[in-house]
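Colleague: Below is the file my_file_10.txt, which contains compact mmCIF, C-alpha atoms.
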# COMPACT_ATOMS: atom_id res chain seq x y z
CA MET A 1 57.33 217.31 43.67
CA PRO A 2 57.79 218.85 40.21
CA LEU A 3 60.23 221.70 39.66
CA LYS A 4 59.31 225.08 38.21
CA LYS A 5 61.37 226.53 35.35
CA TYR A 6 61.40 230.27 34.72
CA ASN A 7 61.53 232.29 31.52
CA PRO A 8 65.05 233.72 30.99
CA VAL A 9 64.03 237.36 31.41
CA THR A 10 67.04 238.01 33.68
CA PRO A 11 70.47 236.36 33.93
CA SER A 12 69.53 234.80 37.28
CA SER A 13 66.30 233.26 35.96
CA ARG A 14 67.91 231.62 32.93
CA TYR A 15 69.00 228.46 34.76
CA LYS A 16 66.73 228.71 37.78
CA LEU A 17 64.93 225.50 38.80
CA LEU A 18 62.94 225.82 42.01
CA PRO A 19 60.27 223.65 43.67
CA ASP A 20 56.68 224.60 42.94
CA PHE A 21 55.59 223.77 46.52
CA ALA A 22 52.46 222.06 45.20
CA GLU A 23 52.47 219.60 48.10
CA ILE A 24 52.43 222.39 50.71
CA THR A 25 48.95 222.68 52.26
CA LYS A 26 49.68 224.84 55.32
CA LYS A 27 51.73 228.04 55.10
CA THR A 28 51.91 229.23 58.71
CA PRO A 29 53.71 226.96 61.20
CA GLU A 30 52.26 225.74 64.50
CA LYS A 31 53.35 228.33 67.10
CA SER A 32 53.43 225.84 69.97
CA LEU A 33 56.07 223.80 68.15
CA LEU A 34 58.43 226.69 67.30
CA VAL A 35 61.71 227.37 69.09
CA THR A 36 63.99 230.37 68.67
CA LEU A 37 67.08 229.46 66.66
CA LYS A 38 70.20 231.45 67.52
CA LYS A 39 72.86 231.70 64.84
CA SER A 40 76.45 230.86 65.70
CA GLY A 41 78.18 232.12 62.55
CA GLY A 42 80.23 228.94 62.56
CA ARG A 43 81.73 229.73 65.99
CA ASN A 44 81.99 227.46 69.01
CA ASN A 45 81.46 228.32 72.69
CA ASN A 46 84.88 230.01 72.78
CA GLY A 47 84.03 232.31 69.89
CA ARG A 48 86.45 230.63 67.51
CA ILE A 49 85.41 229.76 63.97
CA THR A 50 85.19 225.97 63.71
CA CYS A 51 83.05 225.85 60.56
CA ARG A 52 84.06 228.26 57.84
CA HIS A 53 81.84 230.07 55.35
CA ARG A 54 78.89 230.54 57.70
CA GLY A 55 77.12 233.79 58.55
CA GLY A 56 74.20 236.02 57.70
CA GLY A 57 71.14 234.53 56.11
CA HIS A 58 67.44 234.84 56.76
CA LYS A 59 66.04 234.51 60.28
CA ARG A 60 64.57 231.11 61.08
CA LYS A 61 62.52 229.41 63.77
CA TYR A 62 63.23 225.78 64.54
CA ARG A 63 60.35 223.31 64.20
CA MET A 64 60.33 220.65 66.93
CA ILE A 65 60.26 217.35 65.02
CA ASP A 66 59.18 214.15 66.77
CA PHE A 67 61.95 211.76 65.76
CA ARG A 68 61.26 209.40 68.68
CA ARG A 69 57.53 208.71 68.11
CA GLN A 70 56.93 207.92 71.78
CA ARG A 71 53.12 207.87 71.70
CA LEU A 72 52.66 204.19 70.95
CA ASP A 73 49.41 202.74 69.60
CA ASP A 74 47.85 206.23 69.40
CA THR A 75 46.41 207.16 66.03
CA ALA A 76 47.07 210.68 64.75
CA LYS A 77 45.59 212.50 61.77
CA VAL A 78 47.67 214.48 59.27
CA VAL A 79 46.54 218.11 59.49
CA GLY A 80 48.88 219.65 56.91
CA ILE A 81 52.13 219.43 54.96
CA GLU A 82 54.51 222.32 55.64
CA TYR A 83 57.80 223.77 54.43
CA ASP A 84 60.69 223.59 56.89
CA PRO A 85 63.56 226.09 56.33
CA ASN A 86 65.88 223.99 58.52
CA ARG A 87 65.87 220.82 56.39
CA SER A 88 65.49 219.63 52.80
CA ALA A 89 62.48 217.41 53.55
CA ARG A 90 58.91 218.55 54.06
CA ILE A 91 57.28 218.09 57.46
CA ALA A 92 53.78 216.93 58.34
CA LEU A 93 51.72 218.34 61.19
CA ILE A 94 49.79 215.55 62.94
CA GLU A 95 47.13 215.80 65.64
CA TYR A 96 46.23 213.10 68.16
CA GLY A 97 42.77 212.42 69.55
CA ASP A 98 43.39 214.48 72.70
CA GLY A 99 44.39 217.53 70.66
CA GLN A 100 48.17 217.23 71.03
CA LYS A 101 50.04 218.21 67.87
CA SER A 102 53.52 217.32 66.66
CA TYR A 103 55.68 217.40 63.55
CA ILE A 104 57.03 214.35 61.71
CA LEU A 105 59.03 214.03 58.51
CA ALA A 106 56.63 213.85 55.58
CA PRO A 107 57.21 210.65 53.59
CA ARG A 108 56.36 210.37 49.92
CA ASN A 109 52.61 210.02 49.14
CA LEU A 110 51.50 211.11 52.62
CA GLU A 111 48.36 213.23 52.23
CA VAL A 112 46.25 215.43 54.46
CA GLY A 113 43.61 213.40 56.28
CA ALA A 114 45.67 210.22 56.42
CA GLU A 115 46.13 208.44 59.74
CA VAL A 116 49.57 207.60 61.13
CA GLN A 117 50.51 205.45 64.07
CA ALA A 118 53.55 204.23 65.99
CA GLY A 119 53.86 200.88 67.71
CA GLU A 120 54.29 197.16 67.16
CA LYS A 121 50.73 196.73 65.86
CA ALA A 122 50.83 199.65 63.39
CA PRO A 123 50.02 198.72 59.77
CA ILE A 124 52.80 198.78 57.17
CA LYS A 125 52.11 202.05 55.36
CA PRO A 126 54.00 205.35 54.83
CA GLY A 127 54.31 207.45 57.96
CA ASN A 128 53.86 204.62 60.47
CA ALA A 129 56.72 203.82 62.86
CA LEU A 130 57.47 200.29 64.01
CA PRO A 131 60.37 198.42 65.64
CA LEU A 132 62.64 196.68 63.14
CA SER A 133 61.54 193.31 64.55
CA LYS A 134 57.98 193.92 63.23
CA ILE A 135 58.85 195.29 59.78
CA PRO A 136 58.90 192.78 56.87
CA THR A 137 62.28 192.27 55.19
CA GLY A 138 62.72 194.21 51.97
CA THR A 139 60.69 197.17 53.25
CA VAL A 140 61.87 200.70 52.44
CA ILE A 141 62.27 202.73 55.64
CA HIS A 142 63.57 206.07 56.86
CA ASN A 143 64.19 207.93 60.15
CA VAL A 144 65.96 204.86 61.55
CA GLU A 145 67.21 204.73 65.14
CA ILE A 146 70.74 203.58 65.91
CA VAL A 147 70.21 203.25 69.67
CA PRO A 148 66.75 202.19 70.98
CA GLY A 149 64.83 205.17 72.32
CA ARG A 150 67.28 207.81 71.10
CA GLY A 151 65.19 208.81 68.08
CA GLY A 152 65.71 208.47 64.34
CA GLN A 153 69.14 209.51 63.09
CA VAL A 154 69.55 207.80 59.71
CA ALA A 155 67.87 208.70 56.37
CA ARG A 156 66.16 211.96 57.32
CA SER A 157 66.93 214.22 54.35
CA ALA A 158 64.87 214.65 51.19
CA GLY A 159 64.54 211.52 49.04
CA GLN A 160 66.58 209.33 51.44
CA SER A 161 65.68 205.79 52.48
CA CYS A 162 67.13 202.55 53.84
CA ILE A 163 66.25 198.93 53.10
CA LEU A 164 65.69 196.25 55.73
CA ASN A 165 67.67 193.41 54.19
CA ASN A 166 67.54 190.68 56.82
CA ARG A 167 67.51 189.83 60.53
CA GLU A 168 70.09 187.87 62.49
CA GLY A 169 69.17 187.26 66.12
CA ASP A 170 68.95 190.56 67.98
CA TYR A 171 70.13 192.60 65.00
CA ALA A 172 68.67 193.68 61.68
CA LEU A 173 70.82 194.21 58.58
CA ILE A 174 70.07 197.66 57.18
CA LYS A 175 71.32 198.89 53.83
CA MET A 176 72.17 202.56 54.34
CA PRO A 177 71.72 205.30 51.71
CA SER A 178 75.50 205.16 51.16
CA GLY A 179 75.32 201.45 50.28
CA GLU A 180 76.85 200.37 53.59
CA ILE A 181 75.20 197.41 55.32
CA ARG A 182 75.07 197.81 59.09
CA LYS A 183 73.72 195.85 62.05
CA ILE A 184 71.09 197.70 64.11
CA ASN A 185 69.23 196.39 67.16
CA VAL A 186 65.76 195.07 66.28
CA LYS A 187 64.28 197.14 69.13
CA CYS A 188 65.10 200.33 67.21
CA PHE A 189 62.17 202.08 65.54
CA ALA A 190 61.99 203.08 61.89
CA THR A 191 59.35 204.81 59.79
CA ILE A 192 57.87 203.20 56.68
CA GLY A 193 58.41 204.84 53.28
CA VAL A 194 60.79 207.21 51.53
CA VAL A 195 61.33 210.78 52.69
CA GLY A 196 59.44 213.14 50.39
CA ASN A 197 60.65 216.07 48.27
CA SER A 198 62.96 213.79 46.27
CA ASP A 199 63.49 216.46 43.56
CA HIS A 200 65.43 218.61 46.02
CA MET A 201 68.71 217.35 44.52
CA ASN A 202 67.75 218.87 41.14
CA VAL A 203 67.09 222.38 42.44
CA GLN A 204 69.26 225.10 40.86
CA SER A 205 69.39 228.43 42.66
CA ALA A 206 71.09 230.09 39.64
CA LYS A 207 72.43 233.04 41.62
CA ALA A 208 74.79 233.69 44.49
CA GLY A 209 72.26 235.70 46.48
CA ARG A 210 70.03 232.68 47.10
CA THR A 211 72.99 230.91 48.72
CA ARG A 212 73.63 233.94 50.94
CA TRP A 213 69.98 233.82 52.09
CA LYS A 214 70.74 230.35 53.45
CA GLY A 215 73.58 231.72 55.58
CA ILE A 216 76.39 230.33 53.40
CA ARG A 217 79.26 232.70 52.64
CA PRO A 218 81.60 232.52 49.62
CA THR A 219 84.37 229.94 49.44
CA VAL A 220 87.76 230.99 48.09
CA ARG A 221 89.95 228.34 46.43
CA GLY A 222 93.25 227.59 48.12
CA MET A 223 95.08 227.89 44.79
CA CYS A 224 94.16 231.59 44.69
CA MET A 225 95.80 232.27 48.04
CA ASN A 226 99.37 232.94 49.09
CA PRO A 227 101.55 230.18 50.55
CA VAL A 228 101.18 231.74 54.00
CA ASP A 229 97.41 231.33 53.85
CA HIS A 230 97.00 227.85 52.33
CA PRO A 231 99.14 224.81 51.45
CA ASN A 232 97.99 225.05 47.82
CA GLY A 233 98.80 228.73 47.50
CA GLY A 234 101.65 230.38 45.62
CA GLY A 235 103.27 229.72 42.27
CA GLU A 236 103.27 231.74 39.08
CA GLY A 237 99.86 232.08 37.48
CA LYS A 238 97.55 229.07 37.68
CA SER A 239 100.17 226.87 39.22
CA LYS A 240 99.05 223.48 40.46
CA SER A 241 102.41 222.97 42.08
CA GLY A 242 102.43 225.86 44.49
CA GLY A 243 106.02 226.68 43.62
CA GLY A 244 107.05 223.02 43.90
CA ARG A 245 105.65 219.53 43.50
CA GLN A 246 103.18 218.82 46.30
CA HIS A 247 99.93 217.00 46.98
CA LEU A 248 96.73 218.99 47.34
CA LYS A 249 95.78 219.52 50.96
CA SER A 250 93.38 221.41 53.16
CA PRO A 251 94.56 224.14 55.57
CA TRP A 252 94.81 221.46 58.28
CA GLY A 253 96.87 219.00 56.26
CA HIS A 254 94.22 216.48 55.16
CA ALA A 255 95.16 214.97 51.83
CA LYS A 256 92.53 215.08 49.10
CA GLY A 257 90.34 212.00 49.44
CA GLN A 258 91.81 210.96 52.79
CA THR A 259 89.39 209.12 55.05
CA THR A 260 88.77 210.88 58.37
CA ARG A 261 87.05 208.01 60.18
CA LYS A 262 89.07 206.57 63.07
CA LYS A 263 90.74 203.25 62.28
CA TYR A 264 89.66 201.54 65.50
CA LYS A 265 86.13 202.57 66.40
CA PRO A 266 83.70 200.62 68.62
CA SER A 267 80.97 200.73 65.97
CA ASN A 268 83.18 198.95 63.42
CA LYS A 269 81.83 195.60 64.62
CA PHE A 270 78.34 196.58 63.44
CA ILE A 271 79.43 197.27 59.86
CA VAL A 272 78.86 194.16 57.74
CA GLN A 273 79.79 195.69 54.38
CA ARG A 274 81.43 199.02 53.67
CA ALA A 275 80.00 201.47 51.16
CA LYS A 276 81.29 200.89 47.66
CA LYS A 277 83.79 203.51 46.58
CA LYS A 278 83.02 205.41 43.40
CA ARG A 279 85.39 204.88 40.54
CA ARG A 280 87.39 207.89 39.46
CA GLY A 281 87.14 208.07 35.70
Please rewrite the model in this file as structure tokens.
Modeller:
Amino acid sequence: MPLKKYNPVTPSSRYKLLPDFAEITKKTPEKSLLVTLKKSGGRNNNGRITCRHRGGGHKRKYRMIDFRRQRLDDTAKVVGIEYDPNRSARIALIEYGDGQKSYILAPRNLEVGAEVQAGEKAPIKPGNALPLSKIPTGTVIHNVEIVPGRGGQVARSAGQSCILNNREGDYALIKMPSGEIRKINVKCFATIGVVGNSDHMNVQSAKAGRTRWKGIRPTVRGMCMNPVDHPNGGGEGKSKSGGGRQHLKSPWGHAKGQTTRKKYKPSNKFIVQRAKKKRRG
């Protein structure tokens, strides 16, 4: 997916880099697969804000994506590639022989007219879903299940993929996008290929309004606040001390860079190798 650069006729178009949507073949979504999406504004069921900087934005309808691929050994044909406002990846509309339609994540190089299939006997090609026990080692996969039958949960965003490194008994060793190597049951399904729209990470909106359209509100730095509002607030001018020597924190006391994962977690036994930490230069 190439990006489109604009002539700098306005300040907002000077640095703008947006997708050209060349891979999109179908503009209107399938009505039978749409669900009304109610906005929460970052509030929980009690009305309290649990996720800051959310609100507004353009109205959306949720597209029902088939992450489970339950129709085994049934061949479906790709009808179109569509834009999904709820995710960074593109989605593909597929149609089975009996007329049933569903959405799947569109992997790279999946074209209209191609046939996709799910099951143990499916061929190894992009868009096909197989259990990890039937996928050759070294294969690039996405939409990987963690629990058999739950549906894909890993590597679902644009350009993401995992690698099937090896198999040990009832478990497969999967290299995650983070670099972590984790054991996953070989009965879990995964889809062949890399998620499409890999240039999404290079998109530059170039203006604040485009972020507001997504429902993201402005973020104010803690250093700009008063001590009553934030641990980093206060001080004279651009003070990094806040009136006294202190470590940078969030409003809830988390130190900068502190890990939030629980120390003793049941899934720790499935982690073979932790993700490599980036060096701070």
Colleague: Of the candidates A:Arg156, A:Lys175, A:His58, A:Lys16, which shows the shortest atom-to-atom distance to A:Val140, using only C-alpha atoms?
Modeller: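 The answer is A:Lys175, which sits nearest to A:Val140.
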Colleague: Can you tell me how far atom CA of A:Gly159 sits from atom CA of A:Lys256, in Å to one decimal?
Modeller: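 Computed distance, atom CA of A:Gly159 to atom CA of A:Lys256, equals 28.2 Å.
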Colleague: Produce a table with one row for each residue of stretch 75-194 of chain A that has an atom at most 12 Å from any atom of stretch 34-42 of chain A, each row naming the nearest atom pair and its distance in Å at one decimal; use all atoms listed in the file; arrange rows by chain and rising residue number; format as a tab-separated table.
Modeller:
residue	atom	partner	partner_atom	distance
A:Asp84	CA	A:Leu34	CA	11.1
A:Pro85	CA	A:Leu37	CA	11.4
A:Asn86	CA	A:Leu37	CA	9.9
A:Lys101	CA	A:Leu34	CA	11.9
A:Ser102	CA	A:Leu34	CA	10.6
A:Tyr103	CA	A:Leu34	CA	10.4
Colleague: Show which residues sit within 12 Å of A:Gln100, as an mmCIF file with C-alpha atoms, keeping the file's coordinate frame. Count all atoms listed in the file, and ignore same-chain residues fewer than 2 positions away.
Modeller:
data_model
loop_
_atom_site.group_PDB
_atom_site.id
_atom_site.type_symbol
_atom_site.label_atom_id
_atom_site.label_comp_id
_atom_site.auth_asym_id
_atom_site.auth_seq_id
_atom_site.Cartn_x
_atom_site.Cartn_y
_atom_site.Cartn_z
ATOM 1 C CA GLU A 30 52.260 225.740 64.500
ATOM 2 C CA SER A 32 53.430 225.840 69.970
ATOM 3 C CA LEU A 33 56.070 223.800 68.150
ATOM 4 C CA ARG A 71 53.120 207.870 71.700
ATOM 5 C CA ASP A 74 47.850 206.230 69.400
ATOM 6 C CA THR A 75 46.410 207.160 66.030
ATOM 7 C CA ALA A 76 47.070 210.680 64.750
ATOM 8 C CA LYS A 77 45.590 212.500 61.770
ATOM 9 C CA VAL A 79 46.540 218.110 59.490
ATOM 10 C CA LEU A 93 51.720 218.340 61.190
ATOM 11 C CA ILE A 94 49.790 215.550 62.940
ATOM 12 C CA GLU A 95 47.130 215.800 65.640
ATOM 13 C CA TYR A 96 46.230 213.100 68.160
ATOM 14 C CA GLY A 97 42.770 212.420 69.550
ATOM 15 C CA ASP A 98 43.390 214.480 72.700
ATOM 16 C CA SER A 102 53.520 217.320 66.660
ATOM 17 C CA TYR A 103 55.680 217.400 63.550
#
Colleague: Using atom CA of A:Pro123 and atom CA of A:Arg69 as the two end points, give the distance in Å to one decimal.
Modeller: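 So the answer is 15.0 Å.
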Colleague: When you count only C-alpha atoms, which of these residues is closest to A:Gln70: A:Ala92, A:Pro148, A:His142, A:Gly99?
Modeller: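 Closest residue, counting only C-alpha atoms: A:Pro148.
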Colleague: Considering all atoms listed in the file, can you say which of A:Ile24, A:Gly55, A:Asn166, A:Ala155 comes closest to A:Ile192?
Modeller: A:Ala155
Colleague: Applying 10 Å and all atoms listed in the file, which residues near stretch 262-270 of chain A remain after dropping the ones on its own chain fewer than 3 positions away? List them as a ChimeraX atom specification.
Modeller: /A:171,173,181-185,259,273-274
Colleague: Would you compute the distance between atom CA of A:Gly169 and atom CA of A:Ser133? Give it in Å to one decimal.
Modeller: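 Computed distance, atom CA of A:Gly169 to atom CA of A:Ser133, equals 9.9 Å.
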Colleague: Is there a way to get, as a VMD selection string, all residues within 9 Å of the point (93.4, 218.0, 47.9) in file coordinates, counting all atoms listed in the file?
Modeller: chain A and resid 232 247 to 250 254 to 258
Colleague: Using only C-alpha atoms, list the residues that have an atom at most 10 Å from (62.1, 214.7, 48.5), coordinates as in the file, as a ChimeraX atom specification.
Modeller: /A:1,88-90,106-108,157-160,194-201
Colleague: Show me, as a list in words, the residues that have an atom within 8 Å of A:Glu111 when counting only C-alpha atoms, minus same-chain residues fewer than 5 positions from it.
Modeller: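 The contact residues come out as Val78, Gly80 and Ile81 of chain A.
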Colleague: Write the residues of the preceding selection, restricted to C-alpha atoms, as a CSV table (one decimal), in the coordinates of the input.
Modeller:
chain,number,residue,atom,x,y,z
A,78,VAL,CA,47.7,214.5,59.3
A,80,GLY,CA,48.9,219.6,56.9
A,81,ILE,CA,52.1,219.4,55.0
Colleague: Nearest to A:Tyr83 among A:Ala275, A:Ile146, A:Ala172, A:Ile104, with distances taken over only C-alpha atoms: which residue is it?
Modeller: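 Among the listed residues, the smallest separation from A:Tyr83 belongs to A:Ile104.
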Colleague: Restricting the calculation to only C-alpha atoms, which member of A:Val147, A:Met64, A:Leu3, A:Leu18 is positioned closest to A:Arg210?
Modeller: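 Between A:Val147, A:Met64, A:Leu3, A:Leu18, the residue approaching A:Arg210 most closely is A:Leu18.
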Colleague: If we count only C-alpha atoms and set the cut-off at 12 Å, which residues sit around A:Lys134, ignoring sequence neighbours fewer than 4 positions away in its own chain? Please answer as a VMD selection string.
Modeller: chain A and resid 118 to 124 128 to 130 139 164 166 to 167 172 186 to 192
